[in-house]
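*Asks:* Let me begin by handing over the structure; questions about it come next.
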Amino acid sequence: MNKLIKSLLPLALFIIVVGFLFKGLYLDPHEVPSPLVGKPAPAFTAPVLAETGKTFSSQDMKGKVWLLNVWASWCGACREEHPVLMDMSKLSEFEMVGLDYKDTDAEAKDVLNTSGNPYKLVVTDAEGKIGINYGVYGVPETYLIDKAGVIRYKQIGPITKELLYTKILPMVKELQR
Amino acid sequence: MKRWLVLWLILLASHTAFADEAKPLAEDPALEARLKVLSQELRCLVCQNQTLSDSNAPLAEDLRKEIREQMRAGKSDQEVIDYLVARYGDFVRYRPPVNRSTALLWVGPFIGLLAGAFLLIRTLKKRAGDENFEAEDA
C-alpha cells in the first residue's frame, strides 16, 4: 500500500503542476488590478472637446453614478468597443464621460463625427497627465465611479455586451440605490 | 584613380550626414543619473518585461517625464515609488514588496529548501541504519 502511494506521488505532483499551468493559460498578464478601486477618483479639471474655453471638473459629477471611458482616435480596440458604447449611451442608468487620451482634438472630433458620439461630453488629456493619475496604461479603460466619487470598478480593455449586462449594469443599479 | 576620388568624396559626404551630436538628456546630469537608477527599478506597464528605463513606449516616456518633474520638485525616491504604486499597483515595482499576496513568493523557496533538507536527512539516516540499503528503494 505504501509502495503504491509512493509510486503514484510523481503522477499526483504532475497533475497539480498541470492544473496550475492550465489555469495560467486563461490569465491575462496585461490585466493588472488597479489599486484605485475602492479609492476616491483623482479629481481633475480639463478642457471639453469641441467647446473652446469650457472646462469640466470631476467634481461636477458628485451625486451621480458615472463612467469615465478613456479612449483615443489612434486606439484600435476603442473602435471595437465603440458600438457597445453607442448602445450604452441610450441607457439612462448612468452618464458617460469620455477622456480623450493623448490625442489631437481634430482627430478625436473626426472619429465622433463619423461614427457617432456616445458621450455626455468628452474632456481632453493631450499630455496624458490625467491618465497617469488614473493609472491608465492601455486604452480603452473604463472607470465606474459612484455618487461619492469613489471608483468602484475598472475595466481594462474594451467593454463587451456581455460585460455590460453581467457586470457593469448590475453594479450601477446597486450603486444607484 | 578617378573612381577612388569619387569614392572618397562619397565617403566624405556620408561622414557629415551621420555626424550628429548626441542630444543632452537634461540640464541636470545628477538628476538624470538618479532617474536612471530609479527607473531601472520600475516596470513599464505597456511592455511588461522592460523597465521604465529601457522602454520606449509612450507611457514610459510620460512616466519618466513625470518622475523627472517630481524629482525636480524635491521628492525623494521613495515618494516617487509610492506615487506610482498608488496608481499602478505593486506590479510597477520590479522587486515585489513583502505582503500577504507575495508571501508565498518570498517564503516558498525556503519552504522548499527545508523540505529538501528534511528528505535528505531522513534518507541518509535510513541508509546509515540499513546496511544493504541498495536493495531498498530509498
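Residues are referred to by chain and number: the chain letter is A, B, ... according to the order shown in the C-alpha cells, the number counts from 1 in that chain, and ligands are numbered separately from 1 in the order shown.
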Find the residues around segment 90-106 of chain B up to 10 Å (only C-alpha atoms counted), leave out those fewer than 4 positions away in its own chain, and share them as a PyMOL selection string.
*Replies:* (chain A and resi 32-35) or (chain B and resi 39-45+48-52+81-82+84-86+110-111)
*Asks:* Write out the residues from the selection above, keeping C-alpha atoms, as an mmCIF file, in the first residue's frame.
*Replies:*
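So part08.cif came out as:
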```cif
data_model
loop_
_atom_site.group_PDB
_atom_site.id
_atom_site.type_symbol
_atom_site.label_atom_id
_atom_site.label_comp_id
_atom_site.auth_asym_id
_atom_site.auth_seq_id
_atom_site.Cartn_x
_atom_site.Cartn_y
_atom_site.Cartn_z
ATOM 1 C CA VAL A 32 -3.063 44.451 -13.652
ATOM 2 C CA PRO A 33 -5.614 45.002 -10.883
ATOM 3 C CA SER A 34 -5.892 48.698 -10.148
ATOM 4 C CA PRO A 35 -5.118 49.815 -6.607
ATOM 5 C CA SER B 39 13.624 53.861 -13.433
ATOM 6 C CA GLN B 40 15.565 50.595 -13.564
ATOM 7 C CA GLU B 41 13.593 49.529 -10.509
ATOM 8 C CA LEU B 42 10.263 50.289 -12.150
ATOM 9 C CA ARG B 43 8.307 48.283 -14.672
ATOM 10 C CA CYS B 44 6.865 49.655 -17.870
ATOM 11 C CA LEU B 45 3.181 48.713 -17.751
ATOM 12 C CA GLN B 48 5.862 44.388 -19.035
ATOM 13 C CA ASN B 49 9.265 42.795 -19.268
ATOM 14 C CA GLN B 50 11.038 46.078 -19.703
ATOM 15 C CA THR B 51 11.979 48.603 -17.097
ATOM 16 C CA LEU B 52 10.845 52.194 -17.340
ATOM 17 C CA ILE B 81 7.783 54.987 -5.913
ATOM 18 C CA ASP B 82 4.813 55.430 -3.573
ATOM 19 C CA LEU B 84 3.450 55.199 -8.839
ATOM 20 C CA VAL B 85 2.417 52.262 -6.656
ATOM 21 C CA ALA B 86 -0.704 54.188 -5.574
ATOM 22 C CA PHE B 110 12.795 28.483 1.921
ATOM 23 C CA ILE B 111 9.972 26.013 2.452
#
```
*Asks:* Where in segment 35-123 of chain B does DSSP assign strand (DSSP E or B), given as number ranges by chain?
*Replies:* B: 42-43, 51, 93
*Asks:* Output as number ranges by chain the set of chain B residues within 6 Å of chain A, with distances taken over only C-alpha atoms.
*Replies:* B: 87-89
*Asks:* Give me every alpha helix (DSSP H) residue in chain B, going by DSSP on the backbone, as a PyMOL selection string.
*Replies:* chain B and resi 2-18+29-39+58-72+77-88+103-129
*Asks:* Can you tell me, as an MDAnalysis selection string, what residues are no more than 10 Å from Lys65 of chain B when counting only C-alpha atoms, ignoring any on the same chain fewer than 6 positions away?
*Replies:* chainID B and resid 35 59 71
*Asks:* Could you give me, as a PyMOL selection string, the residues within 12 Å of Thr55 of chain A, counting only C-alpha atoms and dropping anything in the same chain fewer than 3 positions from it?
*Replies:* chain A and resi 44-52+58-60+121-125
*Asks:* For a test of reading the model, state the distance in Å between atom CA of Leu91 of chain A and atom CA of Gly53 of chain A, rounded to one decimal.
*Replies:*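 Between atom CA of Leu91 of chain A and atom CA of Gly53 of chain A the gap works out to 29.1 Å.
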*Asks:* I'd like to know which of B:Ala128, B:Leu31, B:Leu11, B:Val6 is closest to Lys75 of chain B, using only C-alpha atoms.
*Replies:*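 Using only C-alpha atoms, the shortest distance to Lys75 of chain B belongs to B:Leu31.
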*Asks:* Which one is closest to Asp110 of chain A: A:Leu175, A:Met88, A:Leu144, A:Ala72? Count only C-alpha atoms.
*Replies:*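 So, comparing all the options, the nearest one is A:Ala72.
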*Asks:* Which residue is closest to Tyr165 of chain A? Choose from A:Leu67, A:His82, A:Ala126, A:Asp87 and count only C-alpha atoms.
*Replies:*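 Result for the nearest residue to Tyr165 of chain A: A:Asp87.
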*Asks:* Between A:Pro118, A:Gly24, A:Gly149, A:Gly76, which has the minimum distance to Ser89 of chain A (counting only C-alpha atoms)?
*Replies:*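 So, comparing all the options, the nearest one is A:Pro118.
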*Asks:* Would you work out the distance separating atom CA of Val80 of chain B from atom CA of Glu61 of chain B, expressed in Å to one decimal?
*Replies:*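 So the answer is 15.4 Å.
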